[in-house]
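For reference, the structure is listed below as structure tokens.
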Amino acid sequence: MRATFTRDFYIPQGAESVSDEQSDAIVYIFTDSASRPCAMGFHGRAQKPDWNFYFKGEAAREKRIETFFASRRAHKEQLKARREEQKTPHDFKCGDVLCSIWGWEQTNVNFYQVVKIVGQRMIELRAIASRSENGTCWATGTATPAIGSFTGEPFRRLVTRGSVKIESYRSASRWSGKPVNWTAYA
């Protein structure tokens, strides 16, 4: 059976807690057996410490604690900004073309066309055919969408930061209007 330790397991006896009111960070300060100033920091409900150090002096410890608190405040602000960004409606219109560039050892290019606006954050897409031209090198070329030449059934996707996730391994964003390079694996 695997042992799971709680936060209390890591905190030495007699450690003093210092928390940051503007973030989810908490630091425990103490001295070790060699009388060096030490501290360990946790965030949120984490059971293991984010860090656990000893310092040359009190000033170095205080500086590390302030840096940790500042980073957790910045993280909190980033999450807040991301949530606000996700609430903003997308700017796609019917007829917009999206491009998905993906692959391993080769570059695949797929195009999709917006066929319906479902809501503020969702669109309906259909895969469209592409026109391909061979490049000057072997197994390379460029592709452009054949707008209106649908090859698949409509499907819905959530818009996140100007792109949609087509499958777990690829996403699509607005096509630039220029031919897209592809490569093939022989």
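Please note that chains go A, B, ... in the order of the structure tokens, that every chain numbers its residues from 1, and that ligands are numbered from 1 in the order shown.
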
### Query
Leaving out Glu16 of chain A and any residue of its chain fewer than 3 positions from it, which residues lie within 8 Å of it when counting only C-alpha atoms, given as a list of chain:residue names?
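Non-adjacent residues within range: A:Tyr28, A:Ile29, A:Phe30.
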
Mind writing the picked residues with all heavy atoms as a PDB file, in the first residue's frame?
```
ATOM      1  N   TYR A  28       6.059  28.342   5.964  1.00  0.00           N
ATOM      2  CA  TYR A  28       6.381  27.979   7.336  1.00  0.00           C
ATOM      3  C   TYR A  28       7.864  28.272   7.545  1.00  0.00           C
ATOM      4  O   TYR A  28       8.709  27.792   6.791  1.00  0.00           O
ATOM      5  CB  TYR A  28       6.070  26.508   7.592  1.00  0.00           C
ATOM      6  CG  TYR A  28       4.591  26.230   7.522  1.00  0.00           C
ATOM      7  CD1 TYR A  28       3.996  25.855   6.329  1.00  0.00           C
ATOM      8  CD2 TYR A  28       3.787  26.387   8.650  1.00  0.00           C
ATOM      9  CE1 TYR A  28       2.634  25.613   6.256  1.00  0.00           C
ATOM     10  CE2 TYR A  28       2.422  26.151   8.586  1.00  0.00           C
ATOM     11  CZ  TYR A  28       1.852  25.769   7.390  1.00  0.00           C
ATOM     12  OH  TYR A  28       0.500  25.547   7.323  1.00  0.00           O
ATOM     13  N   ILE A  29       8.159  29.090   8.559  1.00  0.00           N
ATOM     14  CA  ILE A  29       9.550  29.443   8.847  1.00  0.00           C
ATOM     15  C   ILE A  29       9.987  28.745  10.126  1.00  0.00           C
ATOM     16  O   ILE A  29       9.201  28.570  11.064  1.00  0.00           O
ATOM     17  CB  ILE A  29       9.747  30.976   8.922  1.00  0.00           C
ATOM     18  CG1 ILE A  29       8.848  31.603   9.988  1.00  0.00           C
ATOM     19  CG2 ILE A  29       9.485  31.617   7.578  1.00  0.00           C
ATOM     20  CD1 ILE A  29       9.112  33.085  10.202  1.00  0.00           C
ATOM     21  N   PHE A  30      11.266  28.339  10.130  1.00  0.00           N
ATOM     22  CA  PHE A  30      11.812  27.613  11.272  1.00  0.00           C
ATOM     23  C   PHE A  30      13.335  27.639  11.179  1.00  0.00           C
ATOM     24  O   PHE A  30      13.887  28.166  10.205  1.00  0.00           O
ATOM     25  CB  PHE A  30      11.302  26.167  11.302  1.00  0.00           C
ATOM     26  CG  PHE A  30      11.562  25.405  10.032  1.00  0.00           C
ATOM     27  CD1 PHE A  30      12.660  24.555   9.928  1.00  0.00           C
ATOM     28  CD2 PHE A  30      10.714  25.526   8.934  1.00  0.00           C
ATOM     29  CE1 PHE A  30      12.906  23.856   8.762  1.00  0.00           C
ATOM     30  CE2 PHE A  30      10.948  24.818   7.776  1.00  0.00           C
ATOM     31  CZ  PHE A  30      12.051  23.983   7.683  1.00  0.00           C
TER      32      PHE A  30
END
```

### Query
Mind checking DSSP for chain A and telling me the helix (DSSP H, G or I) residues as a count of residues only?
34

### Message
When you look at Leu125 of chain A with a cut-off of 9 Å (counting only C-alpha atoms), what residues show up, excluding the ones that are within fewer than 5 positions of it in the same chain? I need them as a ChimeraX atom specification.
### Response
/A:98,112-116,153-157

#### Entry: Thr31 of chain A environment, 10 Å, only C-alpha atoms, sequence neighbours closer than 2 positions dropped, as a list in words
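Once the nearby chain positions are removed, what remains is Pro12, Gly14, Ala15, Ile29, Ser33, Ala34, Ser35, Arg36, Pro37, Cys38, Ala39, Tyr54 and Phe55 of chain A.
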
### Query
Which residue out of A:Gly177, A:Arg121, A:Ala129, A:Thr140 has the minimum interatomic distance to Thr160 of chain A when only C-alpha atoms are used?
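Closest to Thr160 of chain A of all the choices is A:Arg121.
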
### Task
Assign secondary structure with DSSP using the backbone only, and return the residues of segment 40-160 of chain A in strand (DSSP E) as a ChimeraX atom specification.
/A:40-43,51-54,97-102,108-117,122-134,140-150,155-160

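Using only C-alpha atoms, the smallest distance between any of A:Thr142, A:Ser149, A:Thr88, A:Thr107 and Ala127 of chain A comes from A:Ser149.
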
### Message
With distances taken over only C-alpha atoms, which residue among A:Ser173, A:Ser17, A:Gln120, A:Asn181 lies nearest Asp96 of chain A?
### Response
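Residue with the minimum atom-to-atom distance to Asp96 of chain A: A:Ser173.
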
#### Entry: Best match for closeness to Lys87 of chain A among A:Ile117, A:Val27, A:Leu158, A:Ser19, counting only C-alpha atoms
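Counting only C-alpha atoms, the residue closest to Lys87 of chain A is A:Leu158.
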
### Query
Pick from A:Leu79, A:Val97, A:Ala46, A:Ile123: nearest to Ile147 of chain A, with only C-alpha atoms counted?
A:Val97

### Task
For each of A:Cys137, A:Phe92, A:Asn108, A:Ser100, take the minimum atom-to-atom distance to Ala172 of chain A, counting only C-alpha atoms, then give the residue where this is smallest.
A:Ser100

### Task
For Asp24 of chain A, work out the shell of residues within 10 Å, counting only C-alpha atoms and skipping chain neighbours fewer than 3 positions away, then give it as a list in words.
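Those residues are Ser19, Asp20, Glu21, Phe42, His43, Gly44, Arg45, Phe69, Arg72, Arg73, His75 and Lys76 of chain A.
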
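Within the 9 Å cut-off around Pro49 of chain A, using only C-alpha atoms and omitting residues fewer than 6 positions from it on the same chain, the listed residues are Arg7, Tyr10, Ile11, Met40, Gly41, Phe42 and His43 of chain A.
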
### Task
Could you tell me how far atom CA of Ser163 of chain A lies from atom CA of Pro179 of chain A, in Å and to one decimal?
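Between atom CA of Ser163 of chain A and atom CA of Pro179 of chain A the gap is 18.9 Å.
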